[in-house]
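Below: protein.pdb (PDB, C-alpha atoms and all ligand atoms)
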ATOM      1  CA  MET A1465      87.981  87.498  93.235
ATOM      2  CA  LYS A1466      90.593  88.732  90.770
ATOM      3  CA  VAL A1467      89.382  88.660  87.182
ATOM      4  CA  LEU A1468      91.740  86.977  84.737
ATOM      5  CA  LYS A1469      93.115  89.225  81.991
ATOM      6  CA  VAL A1470      93.132  87.502  78.600
ATOM      7  CA  THR A1471      94.520  89.071  75.418
ATOM      8  CA  VAL A1472      93.521  87.476  72.131
ATOM      9  CA  VAL A1473      95.626  88.127  69.023
ATOM     10  CA  GLY A1474      93.534  86.735  66.207
ATOM     11  CA  SER A1475      90.953  86.885  63.467
ATOM     12  CA  ILE A1476      87.690  88.782  63.148
ATOM     13  CA  ASN A1477      85.370  87.595  60.358
ATOM     14  CA  MET A1478      81.901  87.921  58.997
ATOM     15  CA  ASP A1479      80.505  84.558  57.880
ATOM     16  CA  VAL A1480      78.163  84.888  54.916
ATOM     17  CA  VAL A1481      76.154  81.693  54.848
ATOM     18  CA  ASN A1482      74.096  80.755  51.791
ATOM     19  CA  ARG A1483      71.730  77.801  51.742
ATOM     20  CA  VAL A1484      71.361  76.129  48.341
ATOM     21  CA  ARG A1485      69.624  73.003  47.053
ATOM     22  CA  GLU A1486      72.816  71.826  45.380
ATOM     23  CA  HIS A1487      76.286  73.361  45.075
ATOM     24  CA  PRO A1488      76.810  75.146  41.723
ATOM     25  CA  LEU A1489      79.132  73.502  39.195
ATOM     26  CA  PRO A1490      81.990  75.557  37.677
ATOM     27  CA  GLY A1491      80.448  78.068  35.259
ATOM     28  CA  GLU A1492      76.955  77.632  36.728
ATOM     29  CA  THR A1493      74.802  80.294  38.408
ATOM     30  CA  ILE A1494      72.150  79.175  40.848
ATOM     31  CA  ILE A1495      69.613  80.946  43.048
ATOM     32  CA  GLY A1496      70.276  80.588  46.754
ATOM     33  CA  GLU A1497      67.495  80.058  49.290
ATOM     34  CA  GLN A1498      68.574  82.246  52.181
ATOM     35  CA  THR A1499      71.568  84.367  53.220
ATOM     36  CA  ILE A1500      72.599  84.732  56.838
ATOM     37  CA  TYR A1501      75.321  87.074  58.127
ATOM     38  CA  SER A1502      76.976  85.661  61.192
ATOM     39  CA  PRO A1503      79.889  87.274  63.083
ATOM     40  CA  GLY A1504      82.778  84.837  63.440
ATOM     41  CA  GLY A1505      86.513  84.277  63.181
ATOM     42  CA  LYS A1506      88.202  82.002  65.685
ATOM     43  CA  GLY A1507      89.886  84.956  67.385
ATOM     44  CA  ALA A1508      86.661  86.866  67.975
ATOM     45  CA  ASN A1509      84.738  83.709  68.914
ATOM     46  CA  GLN A1510      87.278  82.734  71.565
ATOM     47  CA  ALA A1511      87.486  86.325  72.836
ATOM     48  CA  ILE A1512      83.712  86.334  73.283
ATOM     49  CA  ALA A1513      83.719  82.936  74.995
ATOM     50  CA  ALA A1514      86.420  84.119  77.419
ATOM     51  CA  ALA A1515      84.613  87.416  78.107
ATOM     52  CA  ARG A1516      81.243  85.729  78.709
ATOM     53  CA  SER A1517      83.010  83.247  81.012
ATOM     54  CA  GLY A1518      84.140  86.153  83.174
ATOM     55  CA  ALA A1519      87.585  87.211  81.922
ATOM     56  CA  GLU A1520      88.656  90.768  81.153
ATOM     57  CA  VAL A1521      89.437  90.504  77.453
ATOM     58  CA  CYS A1522      91.452  92.618  75.017
ATOM     59  CA  MET A1523      91.295  91.807  71.304
ATOM     60  CA  VAL A1524      94.245  92.550  69.019
ATOM     61  CA  GLY A1525      93.117  92.187  65.411
ATOM     62  CA  ALA A1526      92.072  93.989  62.263
ATOM     63  CA  VAL A1527      88.970  94.833  60.251
ATOM     64  CA  GLY A1528      88.741  96.312  56.757
ATOM     65  CA  ASN A1529      87.257  99.447  55.230
ATOM     66  CA  ASP A1530      83.922  97.932  54.196
ATOM     67  CA  ALA A1531      80.443  97.814  55.700
ATOM     68  CA  PHE A1532      81.183  94.643  57.686
ATOM     69  CA  ALA A1533      83.709  96.332  59.990
ATOM     70  CA  GLY A1534      81.184  98.366  62.011
ATOM     71  CA  PRO A1535      78.831  95.528  62.985
ATOM     72  CA  LEU A1536      81.776  93.307  63.994
ATOM     73  CA  LEU A1537      83.232  96.025  66.219
ATOM     74  CA  GLU A1538      79.791  96.496  67.781
ATOM     75  CA  VAL A1539      79.755  92.812  68.678
ATOM     76  CA  LEU A1540      83.072  93.196  70.503
ATOM     77  CA  ASP A1541      81.696  96.250  72.326
ATOM     78  CA  GLY A1542      78.544  94.381  73.217
ATOM     79  CA  ASN A1543      80.683  91.744  74.939
ATOM     80  CA  GLU A1544      82.741  94.364  76.800
ATOM     81  CA  ILE A1545      85.909  93.431  74.941
ATOM     82  CA  ASP A1546      88.594  96.119  74.782
ATOM     83  CA  ARG A1547      89.170  96.785  71.075
ATOM     84  CA  SER A1548      91.654  99.650  71.311
ATOM     85  CA  PHE A1549      94.122  97.475  69.388
ATOM     86  CA  VAL A1550      91.797  96.465  66.566
ATOM     87  CA  GLN A1551      93.257  98.165  63.500
ATOM     88  CA  HIS A1552      91.526  99.382  60.343
ATOM     89  CA  LYS A1553      93.165  98.177  57.114
ATOM     90  CA  GLU A1554      92.673  99.419  53.551
ATOM     91  CA  THR A1555      91.204  96.142  52.380
ATOM     92  CA  ASN A1556      88.102  94.039  53.017
ATOM     93  CA  THR A1557      87.142  92.713  56.426
ATOM     94  CA  GLY A1558      87.810  88.968  56.811
ATOM     95  CA  LEU A1559      84.955  87.124  55.135
ATOM     96  CA  ALA A1560      83.987  83.475  55.032
ATOM     97  CA  PHE A1561      81.627  82.637  52.157
ATOM     98  CA  ILE A1562      79.925  79.461  53.280
ATOM     99  CA  THR A1563      77.568  77.530  51.037
ATOM    100  CA  VAL A1564      75.509  74.747  52.577
ATOM    101  CA  ASN A1565      73.529  72.276  50.459
ATOM    102  CA  GLN A1566      70.454  70.310  51.487
ATOM    103  CA  LYS A1567      72.586  67.455  52.800
ATOM    104  CA  GLY A1568      74.344  69.909  55.121
ATOM    105  CA  GLU A1569      77.625  69.724  53.168
ATOM    106  CA  ASN A1570      79.683  72.960  53.221
ATOM    107  CA  THR A1571      81.999  74.650  50.817
ATOM    108  CA  ILE A1572      83.899  77.598  52.272
ATOM    109  CA  VAL A1573      85.863  80.342  50.533
ATOM    110  CA  LEU A1574      87.846  82.330  53.065
ATOM    111  CA  SER A1575      88.830  85.863  52.132
ATOM    112  CA  GLN A1576      91.408  86.747  54.759
ATOM    113  CA  GLY A1577      91.332  90.482  54.037
ATOM    114  CA  ALA A1578      92.384  92.517  57.065
ATOM    115  CA  ASN A1579      93.252  89.403  59.111
ATOM    116  CA  GLY A1580      95.987  88.603  56.595
ATOM    117  CA  LEU A1581      97.497  92.054  57.120
ATOM    118  CA  LEU A1582      97.713  91.913  60.920
ATOM    119  CA  SER A1583     101.405  92.658  61.430
ATOM    120  CA  LYS A1584     104.149  92.578  64.051
ATOM    121  CA  GLU A1585     103.867  96.376  64.203
ATOM    122  CA  ASP A1586     100.194  96.059  65.148
ATOM    123  CA  VAL A1587     101.128  93.632  67.923
ATOM    124  CA  PHE A1588     103.989  95.877  69.057
ATOM    125  CA  LEU A1589     101.435  98.631  69.772
ATOM    126  CA  ALA A1590      99.722  96.253  72.203
ATOM    127  CA  GLN A1591     102.874  94.988  73.875
ATOM    128  CA  ASN A1592     102.186  96.598  77.264
ATOM    129  CA  THR A1593      98.718  95.091  77.315
ATOM    130  CA  ILE A1594     100.086  91.666  76.419
ATOM    131  CA  ALA A1595     102.770  91.991  79.091
ATOM    132  CA  ALA A1596     100.137  92.863  81.717
ATOM    133  CA  SER A1597      97.895  89.907  80.799
ATOM    134  CA  ASP A1598      97.578  86.562  82.536
ATOM    135  CA  VAL A1599      96.978  84.716  79.278
ATOM    136  CA  LEU A1600      97.762  85.302  75.599
ATOM    137  CA  LEU A1601      95.410  83.324  73.369
ATOM    138  CA  LEU A1602      96.100  82.736  69.674
ATOM    139  CA  GLN A1603      94.817  80.748  66.689
ATOM    140  CA  ASN A1604      96.012  80.268  63.104
ATOM    141  CA  GLU A1605      93.911  82.729  61.103
ATOM    142  CA  ILE A1606      96.478  85.549  61.027
ATOM    143  CA  PRO A1607     100.060  85.515  59.621
ATOM    144  CA  TRP A1608     102.251  83.059  61.497
ATOM    145  CA  ALA A1609     105.104  85.592  61.867
ATOM    146  CA  THR A1610     102.687  87.856  63.771
ATOM    147  CA  THR A1611     101.647  84.984  66.049
ATOM    148  CA  VAL A1612     105.269  84.077  66.803
ATOM    149  CA  TYR A1613     106.076  87.708  67.579
ATOM    150  CA  ALA A1614     103.147  87.968  70.013
ATOM    151  CA  MET A1615     104.171  84.703  71.708
ATOM    152  CA  LYS A1616     107.716  86.046  72.177
ATOM    153  CA  ILE A1617     106.427  89.195  73.898
ATOM    154  CA  ALA A1618     104.238  87.091  76.192
ATOM    155  CA  LYS A1619     107.068  84.694  77.053
ATOM    156  CA  ALA A1620     109.439  87.566  77.840
ATOM    157  CA  HIS A1621     106.926  88.748  80.470
ATOM    158  CA  GLY A1622     105.944  85.388  81.939
ATOM    159  CA  VAL A1623     102.472  85.487  80.374
ATOM    160  CA  LYS A1624     100.893  82.090  79.742
ATOM    161  CA  VAL A1625     100.629  81.319  76.005
ATOM    162  CA  ILE A1626      97.716  79.199  74.758
ATOM    163  CA  LEU A1627      97.826  78.359  71.047
ATOM    164  CA  ASN A1628      94.958  76.793  69.125
ATOM    165  CA  PRO A1629      96.668  75.854  65.840
ATOM    166  CA  ALA A1630      93.523  75.938  63.706
ATOM    167  CA  PRO A1631      93.539  75.705  60.742
ATOM    168  CA  ALA A1632      96.439  73.284  61.079
ATOM    169  CA  ARG A1633      99.927  74.316  60.113
ATOM    170  CA  LYS A1634     103.312  72.822  61.004
ATOM    171  CA  ILE A1635     105.041  74.157  64.094
ATOM    172  CA  GLU A1636     108.850  74.223  64.092
ATOM    173  CA  GLN A1637     110.621  72.535  67.006
ATOM    174  CA  ALA A1638     112.342  75.871  67.754
ATOM    175  CA  GLU A1639     108.883  77.375  68.401
ATOM    176  CA  TYR A1640     107.829  74.701  70.926
ATOM    177  CA  PRO A1641     109.248  76.569  73.966
ATOM    178  CA  LEU A1642     107.010  79.559  73.151
ATOM    179  CA  ILE A1643     103.867  77.508  73.801
ATOM    180  CA  ASP A1644     102.624  76.765  77.316
ATOM    181  CA  LEU A1645      99.489  74.980  76.195
ATOM    182  CA  LEU A1646      98.565  73.706  72.741
ATOM    183  CA  VAL A1647      94.821  73.089  72.294
ATOM    184  CA  MET A1648      93.671  71.288  69.159
ATOM    185  CA  ASN A1649      91.131  68.753  67.921
ATOM    186  CA  GLU A1650      91.974  65.286  66.616
ATOM    187  CA  LEU A1651      92.179  66.396  62.961
ATOM    188  CA  GLU A1652      94.658  69.154  63.743
ATOM    189  CA  THR A1653      96.684  66.707  65.859
ATOM    190  CA  LYS A1654      96.892  64.423  62.829
ATOM    191  CA  GLU A1655      97.786  67.170  60.362
ATOM    192  CA  ILE A1656     100.431  68.795  62.556
ATOM    193  CA  PHE A1657     101.979  65.801  64.304
ATOM    194  CA  GLY A1658     100.929  62.873  62.096
ATOM    195  CA  GLU A1659      99.136  61.307  65.084
ATOM    196  CA  GLU A1660      96.136  59.180  64.111
ATOM    197  CA  ILE A1661      93.485  59.441  66.833
ATOM    198  CA  VAL A1662      90.444  57.196  66.949
ATOM    199  CA  SER A1663      90.127  56.745  70.718
ATOM    200  CA  VAL A1664      90.752  58.520  74.002
ATOM    201  CA  LYS A1665      93.673  56.119  74.533
ATOM    202  CA  ASP A1666      95.233  57.233  71.209
ATOM    203  CA  ALA A1667      94.799  60.877  72.245
ATOM    204  CA  LEU A1668      96.570  60.274  75.568
ATOM    205  CA  ALA A1669      99.457  58.514  73.817
ATOM    206  CA  ALA A1670      99.706  61.293  71.200
ATOM    207  CA  GLY A1671      99.593  63.961  73.899
ATOM    208  CA  LYS A1672     102.407  62.247  75.790
ATOM    209  CA  ARG A1673     104.638  62.068  72.720
ATOM    210  CA  ILE A1674     104.032  65.741  71.897
ATOM    211  CA  VAL A1675     104.857  66.772  75.465
ATOM    212  CA  GLN A1676     107.990  64.603  75.484
ATOM    213  CA  ASN A1677     109.059  66.392  72.302
ATOM    214  CA  GLY A1678     109.092  69.732  74.121
ATOM    215  CA  ILE A1679     105.641  71.353  74.231
ATOM    216  CA  GLN A1680     104.826  72.004  77.867
ATOM    217  CA  SER A1681     101.215  70.836  77.869
ATOM    218  CA  VAL A1682      98.618  69.674  75.382
ATOM    219  CA  LEU A1683      94.837  69.608  75.380
ATOM    220  CA  ILE A1684      93.264  67.486  72.638
ATOM    221  CA  THR A1685      89.513  67.887  72.124
ATOM    222  CA  LEU A1686      87.581  64.896  70.846
ATOM    223  CA  GLY A1687      84.076  66.222  70.140
ATOM    224  CA  GLU A1688      81.445  64.151  71.946
ATOM    225  CA  SER A1689      84.237  61.942  73.374
ATOM    226  CA  GLY A1690      85.439  64.867  75.513
ATOM    227  CA  SER A1691      89.073  65.886  75.855
ATOM    228  CA  VAL A1692      92.461  64.858  77.218
ATOM    229  CA  HIS A1693      94.946  67.111  78.958
ATOM    230  CA  VAL A1694      98.572  65.971  79.143
ATOM    231  CA  ASP A1695     101.696  67.466  80.697
ATOM    232  CA  LEU A1696     104.906  65.842  81.880
ATOM    233  CA  GLU A1697     103.446  64.936  85.295
ATOM    234  CA  ASN A1698      99.764  64.270  84.704
ATOM    235  CA  GLU A1699      97.208  63.112  82.236
ATOM    236  CA  LEU A1700      93.514  63.808  82.561
ATOM    237  CA  CYS A1701      90.520  62.592  80.562
ATOM    238  CA  THR A1702      87.398  64.736  80.737
ATOM    239  CA  PRO A1703      84.237  63.211  79.267
ATOM    240  CA  ALA A1704      81.868  65.414  77.299
ATOM    241  CA  PHE A1705      78.417  66.026  78.771
ATOM    242  CA  GLY A1706      75.668  63.978  77.146
ATOM    243  CA  VAL A1707      73.496  66.500  75.309
ATOM    244  CA  LYS A1708      71.407  66.560  72.154
ATOM    245  CA  ALA A1709      73.711  68.328  69.703
ATOM    246  CA  VAL A1710      71.911  70.667  67.311
ATOM    247  CA  ASP A1711      74.859  72.582  65.804
ATOM    248  CA  THR A1712      78.483  71.967  66.802
ATOM    249  CA  THR A1713      79.759  75.256  65.284
ATOM    250  CA  ALA A1714      81.990  77.076  67.783
ATOM    251  CA  ALA A1715      82.183  74.090  70.189
ATOM    252  CA  GLY A1716      85.976  74.225  70.131
ATOM    253  CA  ASP A1717      86.090  78.028  70.351
ATOM    254  CA  THR A1718      83.745  78.025  73.348
ATOM    255  CA  PHE A1719      85.760  75.301  75.070
ATOM    256  CA  ILE A1720      89.054  77.164  74.577
ATOM    257  CA  GLY A1721      87.728  80.595  75.555
ATOM    258  CA  ALA A1722      86.044  79.219  78.671
ATOM    259  CA  PHE A1723      89.168  77.253  79.651
ATOM    260  CA  ALA A1724      91.418  80.301  79.165
ATOM    261  CA  SER A1725      89.181  82.474  81.350
ATOM    262  CA  VAL A1726      89.702  80.586  84.607
ATOM    263  CA  ASP A1727      92.669  81.129  86.897
ATOM    264  CA  LEU A1728      94.490  77.804  87.239
ATOM    265  CA  LYS A1729      96.337  79.101  90.292
ATOM    266  CA  LYS A1730      93.024  79.245  92.146
ATOM    267  CA  SER A1731      91.025  76.352  90.689
ATOM    268  CA  ARG A1732      91.811  72.682  90.168
ATOM    269  CA  ILE A1733      92.377  71.877  86.516
ATOM    270  CA  GLU A1734      89.712  69.134  86.675
ATOM    271  CA  GLU A1735      87.161  71.797  87.600
ATOM    272  CA  VAL A1736      88.318  74.143  84.849
ATOM    273  CA  LEU A1737      88.024  71.376  82.264
ATOM    274  CA  ARG A1738      84.541  70.530  83.552
ATOM    275  CA  PHE A1739      83.579  74.211  83.270
ATOM    276  CA  ALA A1740      84.886  74.372  79.670
ATOM    277  CA  SER A1741      83.113  71.117  78.768
ATOM    278  CA  ALA A1742      79.856  72.456  80.169
ATOM    279  CA  ALA A1743      80.255  75.717  78.250
ATOM    280  CA  SER A1744      80.783  73.882  74.949
ATOM    281  CA  ALA A1745      78.024  71.356  75.685
ATOM    282  CA  ILE A1746      75.593  74.268  76.055
ATOM    283  CA  THR A1747      76.893  75.769  72.777
ATOM    284  CA  VAL A1748      76.225  72.593  70.778
ATOM    285  CA  THR A1749      72.602  72.482  71.939
ATOM    286  CA  ARG A1750      71.964  75.764  70.113
ATOM    287  CA  GLN A1751      71.970  76.902  66.508
ATOM    288  CA  GLY A1752      74.623  79.470  65.511
ATOM    289  CA  ALA A1753      78.182  80.449  66.423
ATOM    290  CA  GLN A1754      78.734  83.483  68.681
ATOM    291  CA  SER A1755      75.046  83.693  69.570
ATOM    292  CA  SER A1756      75.188  80.216  71.102
ATOM    293  CA  ILE A1757      78.119  80.875  73.479
ATOM    294  CA  PRO A1758      76.883  80.900  77.108
ATOM    295  CA  GLY A1759      77.850  83.196  79.976
ATOM    296  CA  LYS A1760      79.445  82.308  83.318
ATOM    297  CA  GLU A1761      76.238  82.348  85.356
ATOM    298  CA  GLU A1762      74.451  80.139  82.884
ATOM    299  CA  ILE A1763      77.346  77.647  82.828
ATOM    300  CA  GLU A1764      77.535  77.522  86.634
ATOM    301  CA  HIS A1765      73.791  77.125  86.946
ATOM    302  CA  TRP A1766      73.797  74.374  84.305
ATOM    303  CA  LEU A1767      76.571  72.544  86.205
ATOM    304  CA  GLU A1768      74.672  72.776  89.481
ATOM    305  CA  GLU A1769      71.794  70.903  87.885
ATOM    306  CA  LYS A1770      74.053  68.054  86.723
TER     307      LYS A1770
HETATM  308  P1  LIG B1801      86.273  71.597  67.347
HETATM  309  O1  LIG B1801      84.994  72.380  67.265
HETATM  310  O2  LIG B1801      87.487  72.458  67.395
HETATM  311  O3  LIG B1801      86.391  70.468  66.360
HETATM  312  P2  LIG B1801      85.528  69.578  69.298
HETATM  313  O4  LIG B1801      84.495  69.100  68.343
HETATM  314  O5  LIG B1801      86.585  68.614  69.704
HETATM  315  O6  LIG B1801      86.240  70.915  68.804
HETATM  316  O7  LIG B1801      84.744  70.096  70.612
HETATM  317  C1  LIG B1801      85.363  70.766  71.663
HETATM  318  C2  LIG B1801      84.700  70.352  72.967
HETATM  319  O8  LIG B1801      83.300  70.650  72.891
HETATM  320  C3  LIG B1801      84.769  68.867  73.283
HETATM  321  O9  LIG B1801      85.967  68.540  73.976
HETATM  322  C4  LIG B1801      83.528  68.646  74.131
HETATM  323  O10 LIG B1801      83.788  68.983  75.494
HETATM  324  C5  LIG B1801      82.536  69.659  73.554
HETATM  325  N1  LIG B1801      81.653  69.016  72.557
HETATM  326  C6  LIG B1801      81.807  68.953  71.223
HETATM  327  N2  LIG B1801      80.816  68.245  70.633
HETATM  328  C7  LIG B1801      80.002  67.844  71.637
HETATM  329  C8  LIG B1801      78.782  67.073  71.708
HETATM  330  N3  LIG B1801      78.220  66.553  70.605
HETATM  331  N4  LIG B1801      78.214  66.872  72.929
HETATM  332  C9  LIG B1801      78.777  67.397  74.046
HETATM  333  N5  LIG B1801      79.902  68.132  74.063
HETATM  334  C10 LIG B1801      80.526  68.338  72.868
END
Please lay out the structure from this file as structure tokens.
Amino acid sequence: MKVLKVTVVGSINMDVVNRVREHPLPGETIIGEQTIYSPGGKGANQAIAAARSGAEVCMVGAVGNDAFAGPLLEVLDGNEIDRSFVQHKETNTGLAFITVNQKGENTIVLSQGANGLLSKEDVFLAQNTIAASDVLLLQNEIPWATTVYAMKIAKAHGVKVILNPAPARKIEQAEYPLIDLLVMNELETKEIFGEEIVSVKDALAAGKRIVQNGIQSVLITLGESGSVHVDLENELCTPAFGVKAVDTTAAGDTFIGAFASVDLKKSRIEEVLRFASAASAITVTRQGAQSSIPGKEEIEHWLEEK
């Protein structure tokens, strides 16, 4: 069977997670309890999910000139992701400083570093790879002008564009035709389109309006309520699998990467959505981000037992 070729243009981060009893007040210094370094970034997470789900993945991104770059590149290598187009910038690697208190509440300071310097020129270097891909997958953790440029290259070569607009940012109507599939959660749907979603029915109605406004297809994820997929002809609701959630970090990234890795010309979309739901259901039963993303065999085996 032909393996799908997915190129991700996106972020590569190291998450530095500190556990504290209580968050410090301005001017205060406190002693943390534990520090954990955890490779992340939506771009890298989704690239890993797609690779573990069986796609051939190329990552276009950037790391900095600090000690975090090496370990993050090793993670890409370990997942057999082509990183020939990961650039080295004279700044820090993307870092997320996450502080978690005893109640589980987070504060996050994001230092974009190299991700913020990923440029059109960097994407231009990868244009032949993008053109030869089946899917271009993007998020919102790199400069928007770079994302738009990559989408234009993909469109010019008939490559399917999947955009996960997270964190949320407005999309101009003129950019709608560049997107084949927009995948977002309910909060992003509200922030970008002003659509309030409290039920699956709301999500279907929102999806329909977005599609009627000119985006070809929309996939709205609803956490434990599953997801809805809407295009001009069809609408599909996919329930989430009932599992005991331990840590929902990377649920969305796993879902998107797994979905992007399957060839829709060969599989029914219902099956692809079920595969992606299973992948993310497995992820939420485990602690961690990238470490909790399952592989294709595990997902298929898990589905057989359902
Ligand atoms: P994000 O992480 O971007 O907010 P969601 O929380 O909507 O994304 O999750 C994406 C997908 O992961 C959902 O559509 C669902 O299939 C799966 N998922 C998320 N949370 C759970 C859960 N508690 N139990 C089972 N599946 C879940």
Using only C-alpha atoms and all ligand atoms, which residues of chain A come within 6 Å of ligand LIG 1801 (chain B), and what is the closest atom pair for each, with the distance in Å to one decimal? Give it as JSON lines, sorted by chain and residue number.
{"residue": "A:Asn1649", "atom": "CA", "partner": "B:LIG1801", "partner_atom": "O5", "distance": 4.9}
{"residue": "A:Thr1685", "atom": "CA", "partner": "B:LIG1801", "partner_atom": "O5", "distance": 3.9}
{"residue": "A:Leu1686", "atom": "CA", "partner": "B:LIG1801", "partner_atom": "O5", "distance": 4.0}
{"residue": "A:Gly1687", "atom": "CA", "partner": "B:LIG1801", "partner_atom": "O4", "distance": 3.4}
{"residue": "A:Glu1688", "atom": "CA", "partner": "B:LIG1801", "partner_atom": "C8", "distance": 4.0}
{"residue": "A:Gly1690", "atom": "CA", "partner": "B:LIG1801", "partner_atom": "O9", "distance": 4.0}
{"residue": "A:Ser1691", "atom": "CA", "partner": "B:LIG1801", "partner_atom": "O9", "distance": 4.5}
{"residue": "A:Ala1704", "atom": "CA", "partner": "B:LIG1801", "partner_atom": "O10", "distance": 4.4}
{"residue": "A:Phe1705", "atom": "CA", "partner": "B:LIG1801", "partner_atom": "C9", "distance": 4.9}
{"residue": "A:Gly1706", "atom": "CA", "partner": "B:LIG1801", "partner_atom": "C9", "distance": 5.6}
{"residue": "A:Val1707", "atom": "CA", "partner": "B:LIG1801", "partner_atom": "N4", "distance": 5.3}
{"residue": "A:Ala1709", "atom": "CA", "partner": "B:LIG1801", "partner_atom": "N3", "distance": 4.9}
{"residue": "A:Thr1712", "atom": "CA", "partner": "B:LIG1801", "partner_atom": "N2", "distance": 5.8}
{"residue": "A:Ala1714", "atom": "CA", "partner": "B:LIG1801", "partner_atom": "O1", "distance": 5.6}
{"residue": "A:Ala1715", "atom": "CA", "partner": "B:LIG1801", "partner_atom": "O1", "distance": 4.4}
{"residue": "A:Gly1716", "atom": "CA", "partner": "B:LIG1801", "partner_atom": "O1", "distance": 3.5}
{"residue": "A:Phe1719", "atom": "CA", "partner": "B:LIG1801", "partner_atom": "C2", "distance": 5.5}
{"residue": "A:Ser1741", "atom": "CA", "partner": "B:LIG1801", "partner_atom": "O10", "distance": 4.0}
{"residue": "A:Ser1744", "atom": "CA", "partner": "B:LIG1801", "partner_atom": "O8", "distance": 4.6}
{"residue": "A:Ala1745", "atom": "CA", "partner": "B:LIG1801", "partner_atom": "N5", "distance": 4.1}
* **Surrounding residues of Thr1499 in chain A excluding itself and chain neighbours under 3 positions, 10 Å, all atoms listed in the file, as a PyMOL selection string** => chain A and resi 1480-1484+1496+1502+1562-1563
Could you write out that same residue set with C-alpha atoms as an mmCIF file, keeping the file's coordinate frame?
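result_6.cif written:
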data_model
loop_
_atom_site.group_PDB
_atom_site.id
_atom_site.type_symbol
_atom_site.label_atom_id
_atom_site.label_comp_id
_atom_site.auth_asym_id
_atom_site.auth_seq_id
_atom_site.Cartn_x
_atom_site.Cartn_y
_atom_site.Cartn_z
ATOM 1 C CA VAL A 1480 78.163 84.888 54.916
ATOM 2 C CA VAL A 1481 76.154 81.693 54.848
ATOM 3 C CA ASN A 1482 74.096 80.755 51.791
ATOM 4 C CA ARG A 1483 71.730 77.801 51.742
ATOM 5 C CA VAL A 1484 71.361 76.129 48.341
ATOM 6 C CA GLY A 1496 70.276 80.588 46.754
ATOM 7 C CA SER A 1502 76.976 85.661 61.192
ATOM 8 C CA ILE A 1562 79.925 79.461 53.280
ATOM 9 C CA THR A 1563 77.568 77.530 51.037
#
Report as a short mmCIF file (atom, residue, chain, number, x, y, z; two decimals) with C-alpha atoms, in the coordinates of the input the residues that result from applying the PyMOL selection byres (((chain A and resi 1646) around 12) and not hetatm) to the structure here.
data_model
loop_
_atom_site.label_atom_id
_atom_site.label_comp_id
_atom_site.auth_asym_id
_atom_site.auth_seq_id
_atom_site.Cartn_x
_atom_site.Cartn_y
_atom_site.Cartn_z
CA LEU A 1600 97.76 85.30 75.60
CA LEU A 1601 95.41 83.32 73.37
CA LEU A 1602 96.10 82.74 69.67
CA GLN A 1603 94.82 80.75 66.69
CA ASN A 1604 96.01 80.27 63.10
CA LYS A 1624 100.89 82.09 79.74
CA VAL A 1625 100.63 81.32 76.00
CA ILE A 1626 97.72 79.20 74.76
CA LEU A 1627 97.83 78.36 71.05
CA ASN A 1628 94.96 76.79 69.12
CA PRO A 1629 96.67 75.85 65.84
CA ALA A 1630 93.52 75.94 63.71
CA ALA A 1632 96.44 73.28 61.08
CA ILE A 1635 105.04 74.16 64.09
CA GLU A 1639 108.88 77.38 68.40
CA TYR A 1640 107.83 74.70 70.93
CA PRO A 1641 109.25 76.57 73.97
CA LEU A 1642 107.01 79.56 73.15
CA ILE A 1643 103.87 77.51 73.80
CA ASP A 1644 102.62 76.76 77.32
CA LEU A 1645 99.49 74.98 76.19
CA VAL A 1647 94.82 73.09 72.29
CA MET A 1648 93.67 71.29 69.16
CA ASN A 1649 91.13 68.75 67.92
CA GLU A 1652 94.66 69.15 63.74
CA THR A 1653 96.68 66.71 65.86
CA ILE A 1656 100.43 68.80 62.56
CA GLY A 1671 99.59 63.96 73.90
CA ILE A 1674 104.03 65.74 71.90
CA VAL A 1675 104.86 66.77 75.46
CA GLY A 1678 109.09 69.73 74.12
CA ILE A 1679 105.64 71.35 74.23
CA GLN A 1680 104.83 72.00 77.87
CA SER A 1681 101.22 70.84 77.87
CA VAL A 1682 98.62 69.67 75.38
CA LEU A 1683 94.84 69.61 75.38
CA ILE A 1684 93.26 67.49 72.64
CA THR A 1685 89.51 67.89 72.12
CA VAL A 1692 92.46 64.86 77.22
CA HIS A 1693 94.95 67.11 78.96
CA VAL A 1694 98.57 65.97 79.14
CA ASP A 1695 101.70 67.47 80.70
CA ILE A 1720 89.05 77.16 74.58
CA ALA A 1724 91.42 80.30 79.17
#
* Interatomic distance between CA of Glu1569 in chain A and CA of Ala1526 in chain A? ->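 Taking CA of Glu1569 in chain A and CA of Ala1526 in chain A, their separation equals 29.7 Å.
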* To do: Specify as number ranges by chain each residue included when the PyMOL selection byres (((chain A and resi 1516) around 7) and not hetatm) is applied to this file.
  => A: 1512-1515, 1517-1518, 1758-1760
* Could you tell me which of A:Arg1485, A:Arg1673, A:Lys1616, A:Arg1547 comes closest to Ala1508 in chain A if we count all atoms listed in the file? =>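 Once distances to Ala1508 in chain A are computed over all atoms listed in the file, the minimum belongs to A:Arg1547.
One finds CA of Asn1543 in chain A at 22.6 Å from CA of Leu1767 in chain A.
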* Between CA of Asn1570 in chain A and CA of Asn1477 in chain A, what is the spacing in Å? ->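 According to the coordinates, CA of Asn1477 in chain A and CA of Asn1570 in chain A are separated by 17.2 Å.
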* Write out as a ChimeraX atom specification the residues lying within 10 Å of Asp1598 in chain A, counting only C-alpha atoms and excluding same-chain residues fewer than 4 positions away. => /A:1467-1471,1520,1594,1618,1621-1625,1724-1725,1727
* Any idea what's packed within 10 Å of range 1579-1591 of chain A, counting all atoms listed in the file, ignoring anything in its chain fewer than 3 positions away? Could you give it as a count of residues only? -> 46
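Distances to Val1573 in chain A were evaluated for A:Asp1479, A:Glu1660, A:Asp1541, A:Asp1546 using only C-alpha atoms, and the minimum falls at A:Asp1479.
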